[in-house]
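**Student:** The following block contains the structure, expressed as structure tokens.
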Amino acid sequence: MSRTPLISGNWKMYLNHFEAIQTVQKLHYVTPTEVFDRVEVSVHPPFTDLRSVQTVIESEEFEFALGAQHCHFEDAGAFTGEVSPAFLEKLNVRYVIVGHSERRELFGETDDMVHRKVGAIMKYEMTPIVCVGETLVERESGDTEAKVLGQVTAALTDRSSDQIAKIVIAYEPIWAIGTGVNATAADAQAVCASIRGRVAELADADTAAAIRIQYGGSVKPGNAEELMGQADIDGALVGGASLHPEDFARIVELAAATR
Ligand code: 13P
């Protein structure tokens, strides 16, 4: 299989820029360089840390890709507090998380906004990481596929196969985020396989085989190997454990070992 797993650390609203510099330096120190032959690793600090982390990564020639957690879909305008994808591109940001469940739930990000953001991010040749996932109520009512595939369709619709192949989808069941309870590897695999099936319908089989699908939700060293070993899981979007360099590096190593 030719898909290179992507392990992404979403630092959420944790770590000021001093702490972020220390964290990325320590992460480099504890991550064996061989893993980068087999996996890609991105770190997603808060906006105020991006420039500092970029400077460290570039000046020290660390192999981490710089990521953002969010952006607006317009290039510029009267949008107080928002950040343009054009500004992120100027910081050499490579990956931008879109439609994280926390943004959808707490800040009103809709499927339509996610669709527009995916286009805006790709216009600047950055890669969107599109988050999708169901609540516990939706899972218990048997609505997981309807919810998740609806979000996938909304994000990918009206895009070329070439574009879709470059997008990363992160399947993050909302009930597994920050709870310590992860989806079982079998359940996560089943949903990721359904997502790949929907991509085949929206584009074609080659595109479905190329697109990368991450799992996120309480990924930690103890469960990473089993989750990352699944056929349709191509990496992880890691929250809490990514704040701890030893844990995150271990997750990266375990993901690399599955390839
Ligand atoms: P946790 O790994 O803390 O569950 O967070 C997952 C997440 O939301 C990553 O985007």
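All residue names refer to the structure tokens as shown: chains lettered A, B, ... in order, residues numbered from 1 in each chain, ligands numbered from 1 in order.
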As a quick test: using only C-alpha atoms and all ligand atoms, which residues lie no more than 9 Å away from ligand 1? Give them as an NGL selection string.
**Tutor:** :A and (8-12 or 69 or 97 or 100-102 or 131 or 170 or 172-182 or 215-220 or 236-242)
**Student:** Which neighbours of Gly222 of chain A fall inside 10 Å, counting only C-alpha atoms, when residues of the same chain fewer than 6 positions from it are skipped, and could you give them as a PyMOL selection string?
**Tutor:** chain A and resi 247+250-251+254
**Student:** Could you pull the residues within 8 Å of segment 76-88 of chain A, counting only C-alpha atoms, minus those fewer than 5 positions along the same chain, as a PDB file with N, CA, C and O atoms, in the first residue's frame?
**Tutor:**
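Okay, this is what ended up in result-v4.pdb:
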ATOM      1  N   ALA A  68      -1.923  24.084  11.019  1.00  0.00           N
ATOM      2  CA  ALA A  68      -2.802  25.008  11.737  1.00  0.00           C
ATOM      3  C   ALA A  68      -4.056  24.245  12.154  1.00  0.00           C
ATOM      4  O   ALA A  68      -4.312  23.147  11.665  1.00  0.00           O
ATOM      5  N   CYS A  71      -8.954  27.926   9.901  1.00  0.00           N
ATOM      6  CA  CYS A  71      -8.754  29.198   9.182  1.00  0.00           C
ATOM      7  C   CYS A  71     -10.099  29.663   8.647  1.00  0.00           C
ATOM      8  O   CYS A  71     -11.084  28.935   8.724  1.00  0.00           O
ATOM      9  N   VAL A  93       2.796  26.850   6.360  1.00  0.00           N
ATOM     10  CA  VAL A  93       1.887  25.840   6.924  1.00  0.00           C
ATOM     11  C   VAL A  93       1.543  24.852   5.809  1.00  0.00           C
ATOM     12  O   VAL A  93       1.268  25.241   4.681  1.00  0.00           O
ATOM     13  N   ALA A 120     -10.554  26.899  -0.076  1.00  0.00           N
ATOM     14  CA  ALA A 120      -9.640  28.017   0.209  1.00  0.00           C
ATOM     15  C   ALA A 120      -8.250  27.503   0.572  1.00  0.00           C
ATOM     16  O   ALA A 120      -7.232  28.064   0.153  1.00  0.00           O
ATOM     17  N   ILE A 121      -8.198  26.440   1.338  1.00  0.00           N
ATOM     18  CA  ILE A 121      -6.904  25.877   1.773  1.00  0.00           C
ATOM     19  C   ILE A 121      -6.163  25.307   0.568  1.00  0.00           C
ATOM     20  O   ILE A 121      -4.957  25.529   0.392  1.00  0.00           O
ATOM     21  N   TYR A 124      -4.283  27.577  -1.829  1.00  0.00           N
ATOM     22  CA  TYR A 124      -2.925  27.958  -1.410  1.00  0.00           C
ATOM     23  C   TYR A 124      -1.978  26.753  -1.304  1.00  0.00           C
ATOM     24  O   TYR A 124      -0.933  26.825  -0.656  1.00  0.00           O
TER      25      TYR A 124
END
**Student:** So which residues touch Thr184 of chain A within 9 Å, counting only C-alpha atoms, skipping near sequence neighbours fewer than 5 positions away, as a PyMOL selection string?
**Tutor:** chain A and resi 189+226-227
**Student:** Go ahead and dump the residues you just picked, N, CA and C atoms, as an mmCIF file, in the first residue's frame.
**Tutor:**
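Final output, selection-v1.cif:
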data_model
loop_
_atom_site.group_PDB
_atom_site.id
_atom_site.type_symbol
_atom_site.label_atom_id
_atom_site.label_comp_id
_atom_site.auth_asym_id
_atom_site.auth_seq_id
_atom_site.Cartn_x
_atom_site.Cartn_y
_atom_site.Cartn_z
ATOM 1 N N GLN A 189 -12.008 0.903 11.938
ATOM 2 C CA GLN A 189 -11.730 0.384 10.600
ATOM 3 C C GLN A 189 -13.009 0.363 9.764
ATOM 4 N N GLU A 226 -2.601 -1.108 17.345
ATOM 5 C CA GLU A 226 -3.758 -1.829 16.815
ATOM 6 C C GLU A 226 -4.562 -0.936 15.859
ATOM 7 N N LEU A 227 -4.758 0.323 16.260
ATOM 8 C CA LEU A 227 -5.523 1.229 15.392
ATOM 9 C C LEU A 227 -4.781 1.486 14.082
#
**Student:** Could you check which of A:Arg198, A:His72, A:His115, A:Lys123 is closest to Asp158 of chain A, using only C-alpha atoms?
**Tutor:** A:His115
**Student:** Just the helix (DSSP H, G or I) stuff from segment 102-182 of chain A, please, per backbone DSSP, written as a ChimeraX atom specification.
**Tutor:** /A:102-107,111-123,136-140,144-156,161-166,174-176
**Student:** Pick from A:Ala155, A:Ala20, A:Ala203, A:Val132: nearest to Tyr171 of chain A, with only C-alpha atoms counted?
**Tutor:**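 Smallest separation from Tyr171 of chain A among the options: A:Val132.
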**Student:** Do you know which residues are at most 12 Å from Arg196 of chain A counting only C-alpha atoms, after dropping those on the same chain fewer than 2 positions away, and could you put them as a VMD selection string?
**Tutor:** chain A and resid 145 148 to 149 152 to 153 164 to 165 168 to 171 189 to 194 198 to 214 231 to 234
**Student:** Output as JSON, numbers by chain all residues of segment 3-191 of chain A that backbone DSSP marks as strand (DSSP E).
**Tutor:** {"A": [6, 7, 8, 9, 10, 40, 41, 42, 43, 44, 65, 66, 67, 68, 95, 96, 97, 98, 127, 128, 129, 130, 131, 132, 168, 169, 170, 171]}
**Student:** Would you mind listing what lies within 10 Å of Gln22 of chain A as a compact mmCIF listing (two decimals) with C-alpha atoms, in the first residue's frame, with only C-alpha atoms counted and same-chain residues fewer than 5 positions away left out?
**Tutor:**
# COMPACT_ATOMS: atom_id res chain seq x y z
CA LEU A 15 0.93 25.63 25.05
CA HIS A 17 4.73 30.01 22.24
CA LEU A 27 9.65 15.98 20.23
CA HIS A 28 12.51 16.10 17.77
CA VAL A 53 7.41 26.89 15.76
CA VAL A 56 12.47 26.34 15.01
CA PRO A 245 6.56 14.46 23.41
**Student:** Nearest to Phe36 of chain A: which of A:Gly133, A:Asp49, A:Gln54, A:Ile7 is it, counting only C-alpha atoms?
**Tutor:**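 That would be A:Ile7, the residue with the smallest distance to Phe36 of chain A.
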**Student:** So the first atom is atom CA of Arg51 of chain A and the second is atom CA of Arg103 of chain A; what is the distance between them in Å, to one decimal place?
**Tutor:** 22.5 Å
**Student:** With distances taken over only C-alpha atoms, which of A:Glu89, A:Glu246, A:Asp111, A:Glu63 is nearest to Glu125 of chain A?
**Tutor:** A:Glu89
**Student:** Which value, in Å to one decimal, gives the distance between atom CA of Glu60 of chain A and atom CA of Val30 of chain A?
**Tutor:** 14.8 Å
**Student:** Nearest residue to Val96 of chain A out of A:Gly229, A:Thr48, A:Ala257, A:Met122, using only C-alpha atoms?
**Tutor:** A:Met122
